[in-house]
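Novice: Provided herewith is a single structure, encoded as structure tokens, for subsequent inquiry.
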Amino acid sequence: MPGKIFRKWDLALIGGVLVLALILLFSFTFAEKGGIAVIEQNGVEWGRYSLLEQQEETILEIGGEYHVRLLLEPGAISFLSSDCPDHTCVRTGKLTQAGQGAVCLPARVSIRILPSPGETQGFDGITG
Amino acid sequence: MKVSFSRWLDNKKTAAVFLVILAILAGVLIWMWSQYGYRENRYEHSSYAMGTLVQQTVYGKDRENTALKAASAVTNLENQISWRVEGSDIARLNDAAGTQWISLEPETISLLDLCLDVAENSQGAFDPTILPISCLWNFDSETPSFPGEELINTYLPYVGYENLRINTEDNTASLRNYYMAVDLGAVGKGAGCDAIVDTYKSSSVSGGIAAVGGSVGIYGQKPDGSLWSIAVRNPYVSQGEDATMGTLDLTGGFISTSGSYEKTFTQDGITYHHLLDPQTGFPADTGLVSVTVVCGGSEPGQGALSDILSTACFVLGEEKGKALLLHYGAEGIFIRTDKTVSVTDGLKDSFHIVSEDFSYAG
């Protein structure tokens, strides 16, 4: 077929690459939405959990002087209980979006949500 | 191999196919880089100072080093302005109350100067000399309690910003009366944000955001150039509810919030909060649950100013608070106890309520 730049198999090859590229993009876009909860004790990482992969309610016992317990559930994490005097941490509520955070100051335990790969950054900071 | 490859490319048609494939791959790579590439460029750091969590996110060159420097700048500031730290500027000033003028660091003097300015413009709704009363309530301890009306009335006369005098020329200050004492607790977190942003400014980072407790300072730009998004905490949240009531999208500035939900205790069925009215010595009751203030002026100390103004506005109430913000060219979000929200004109486009429990005031 003179005159044509692309032949049938060339087009098939380009199409194949396009499909692969789209699969790659979508796999990144829809991967692990829901953020990653990073738990720190005294400024040192204690653990991290994907909120999307979390299938059931789990109680995380951080322990320490104030016996801090966290509630990990599908798509959310929160302070469940703490023996600290103010309970500000429990009153912070559920964290569901990247950028949200909570802290138990007496126990020096903090949680923050990082964006998962493919998820846009929710919040950059929190006031209040 | 090389020869056969270049011969293969010599064919116009295969070269064109090759180019199209390359273009698709390049497109995908550029898109992925724009979406995720900046993550590589990002450093997060948590530390504790001023009795609270200091959380930084820094972008660009030398970010790790800069974040560590900024964290120690906050600790240094705390050691300079906390009345609890022995030998600090404020501890020395309080110790010398009723005696003589003493020399202080220029930064401490500028902070006191700013405090006095807001104290005057708010007719004492904010008062840096609140310590004789605030330490009766002792909200920062594990066991705060109602001190009783009698004790409050005994110590109330020792609260009075008019009797805190500063000399900005030779950096000296004095408290006129014995028993007087300065507490910069309502300023420290905002001033901590100033210290962090100043550290960013003198470094090679391209952007950063820092939260010292509930105060936030912004510097520069995010790698993707989008606005900085700040979550405003839900004051009425309890275990099991969403933590955010609204969002603020900003190009920069400093943000502080004063809320009656932050430090509380309940005694004999009455709940007391830590935002004390310097005129009465009791927690302020102005129909508000929280005030968020945004300062973006060009003068130094905008972080400290936002912190002071949020406290002053909470104590003044919505109407007088808004007038005070206007005076300083600041903006604010006033959340009332009935869960209606009033926003100053400058934030109408950048603030949005995201929780169904709240609505804009009529």
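Chain labels A, B, ... are given in the sequence in which chains occur in the structure tokens; within each chain residues are numbered consecutively from 1, and ligands are likewise numbered from 1 in the order shown.
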Identify all residues of chain A in alpha helix (DSSP H) (DSSP on the backbone) and supply them as a list in words.

Specialist: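 Here are the alpha helix (DSSP H) residues of chain A: Lys8, Trp9, Asp10, Leu11, Ala12, Leu13, Ile14, Gly15, Gly16, Val17, Leu18, Val19, Leu20, Ala21, Leu22, Ile23, Leu24, Leu25, Phe26, Ser27, Phe28 and Thr29 of chain A.
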
Novice: From the DSSP assignment of the backbone, select every residue of stretch 40-121 of chain B that is strand (DSSP E or B), and format the answer as number ranges by chain.

Specialist: B: 42-49, 52-60, 102-103

Novice: Restrict the distance test to only C-alpha atoms, flag each residue of chain A within 6 Å of chain B, and return the flagged residues as a VMD selection string.

Specialist: chain A and resid 5 43 85 90 to 94 123 to 128

Novice: Grab the residues selected above and save them as an mmCIF file, in the first residue's frame with C-alpha atoms.

Specialist:
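Okay, again_14.cif is ready:
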data_model
loop_
_atom_site.group_PDB
_atom_site.id
_atom_site.type_symbol
_atom_site.label_atom_id
_atom_site.label_comp_id
_atom_site.auth_asym_id
_atom_site.auth_seq_id
_atom_site.Cartn_x
_atom_site.Cartn_y
_atom_site.Cartn_z
ATOM 1 C CA ILE A 5 2.544 5.943 6.313
ATOM 2 C CA GLY A 43 7.734 11.598 66.569
ATOM 3 C CA PRO A 85 -6.827 13.697 81.150
ATOM 4 C CA VAL A 90 -10.855 11.130 71.025
ATOM 5 C CA ARG A 91 -12.859 14.291 70.378
ATOM 6 C CA THR A 92 -10.953 14.933 67.130
ATOM 7 C CA GLY A 93 -13.188 12.396 65.364
ATOM 8 C CA LYS A 94 -12.644 10.209 62.333
ATOM 9 C CA PHE A 123 -5.420 18.849 52.799
ATOM 10 C CA ASP A 124 -2.035 20.441 53.263
ATOM 11 C CA GLY A 125 -2.703 21.551 56.816
ATOM 12 C CA ILE A 126 -5.262 21.691 59.617
ATOM 13 C CA THR A 127 -6.316 24.600 61.800
ATOM 14 C CA GLY A 128 -8.281 24.276 65.026
#

Novice: Go through stretch 185-249 of chain B and flag each residue having an atom no more than 10 Å from stretch 298-309 of chain B; for those, report the closest pair of atoms plus their distance in Å to one decimal, using only C-alpha atoms, ordered by chain and rising number, as JSON lines.

Specialist:
{"residue": "B:Gly185", "atom": "CA", "partner": "B:Ile308", "partner_atom": "CA", "distance": 9.5}
{"residue": "B:Ala186", "atom": "CA", "partner": "B:Ile308", "partner_atom": "CA", "distance": 6.0}
{"residue": "B:Val187", "atom": "CA", "partner": "B:Ala304", "partner_atom": "CA", "distance": 5.3}
{"residue": "B:Gly188", "atom": "CA", "partner": "B:Ala304", "partner_atom": "CA", "distance": 7.0}
{"residue": "B:Lys189", "atom": "CA", "partner": "B:Asp307", "partner_atom": "CA", "distance": 7.1}
{"residue": "B:Gly190", "atom": "CA", "partner": "B:Ala304", "partner_atom": "CA", "distance": 4.1}
{"residue": "B:Ala191", "atom": "CA", "partner": "B:Ala304", "partner_atom": "CA", "distance": 4.3}
{"residue": "B:Gly192", "atom": "CA", "partner": "B:Gly303", "partner_atom": "CA", "distance": 7.7}
{"residue": "B:Cys193", "atom": "CA", "partner": "B:Gly303", "partner_atom": "CA", "distance": 5.8}
{"residue": "B:Asp194", "atom": "CA", "partner": "B:Gly303", "partner_atom": "CA", "distance": 5.2}
{"residue": "B:Ala195", "atom": "CA", "partner": "B:Gly303", "partner_atom": "CA", "distance": 8.8}
{"residue": "B:Ile196", "atom": "CA", "partner": "B:Gly303", "partner_atom": "CA", "distance": 10.0}
{"residue": "B:Val197", "atom": "CA", "partner": "B:Gly303", "partner_atom": "CA", "distance": 9.2}
{"residue": "B:Asp198", "atom": "CA", "partner": "B:Pro300", "partner_atom": "CA", "distance": 9.3}
{"residue": "B:Gly214", "atom": "CA", "partner": "B:Asp307", "partner_atom": "CA", "distance": 9.2}
{"residue": "B:Ser215", "atom": "CA", "partner": "B:Asp307", "partner_atom": "CA", "distance": 7.0}
{"residue": "B:Val216", "atom": "CA", "partner": "B:Gly303", "partner_atom": "CA", "distance": 7.7}
{"residue": "B:Gly217", "atom": "CA", "partner": "B:Gly303", "partner_atom": "CA", "distance": 6.6}
{"residue": "B:Ile218", "atom": "CA", "partner": "B:Gly303", "partner_atom": "CA", "distance": 9.6}

Novice: In Å, rounded to a single decimal, give me how far atom CA of A:Ile36 is from atom CA of A:Ser78.

Specialist: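 Distance between the two atoms: 13.0 Å.
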
Novice: List the neighbours of stretch 343-359 of chain B out to 7 Å using only C-alpha atoms; skip same-chain residues closer than 2 positions along the sequence, and give me the result as number ranges by chain.

Specialist: B: 244-250, 331-334, 339-341, 361

Novice: Mind dumping the selected residues with C-alpha atoms as a short mmCIF file (atom, residue, chain, number, x, y, z; two decimals), in the first residue's frame?

Specialist:
data_model
loop_
_atom_site.label_atom_id
_atom_site.label_comp_id
_atom_site.auth_asym_id
_atom_site.auth_seq_id
_atom_site.Cartn_x
_atom_site.Cartn_y
_atom_site.Cartn_z
CA THR B 244 -13.37 18.56 59.23
CA MET B 245 -16.11 21.21 58.97
CA GLY B 246 -14.71 23.34 56.15
CA THR B 247 -11.80 24.01 53.84
CA LEU B 248 -9.73 27.09 53.12
CA ASP B 249 -7.81 27.30 49.83
CA LEU B 250 -5.06 29.90 50.02
CA GLU B 331 -9.87 37.86 57.53
CA GLY B 332 -11.87 35.47 59.68
CA ILE B 333 -14.34 32.61 60.02
CA PHE B 334 -16.72 32.86 62.98
CA LYS B 339 -23.54 25.85 64.02
CA THR B 340 -24.05 28.77 61.66
CA VAL B 341 -20.92 30.24 60.13
CA ALA B 361 -25.39 32.54 58.68
#

Novice: Write out as an MDAnalysis selection string which residues come within 10 Å of A:Pro74 when counting only C-alpha atoms, dropping same-chain ones fewer than 6 positions away.

Specialist: chainID A and resid 34 50:58 96

Novice: Quick check, in Å to one decimal: how far apart do atom CA of B:Trp83 and atom CA of B:Leu184 lie?

Specialist: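 Taking atom CA of B:Trp83 as the start and atom CA of B:Leu184 as the end point, the length is 7.7 Å.
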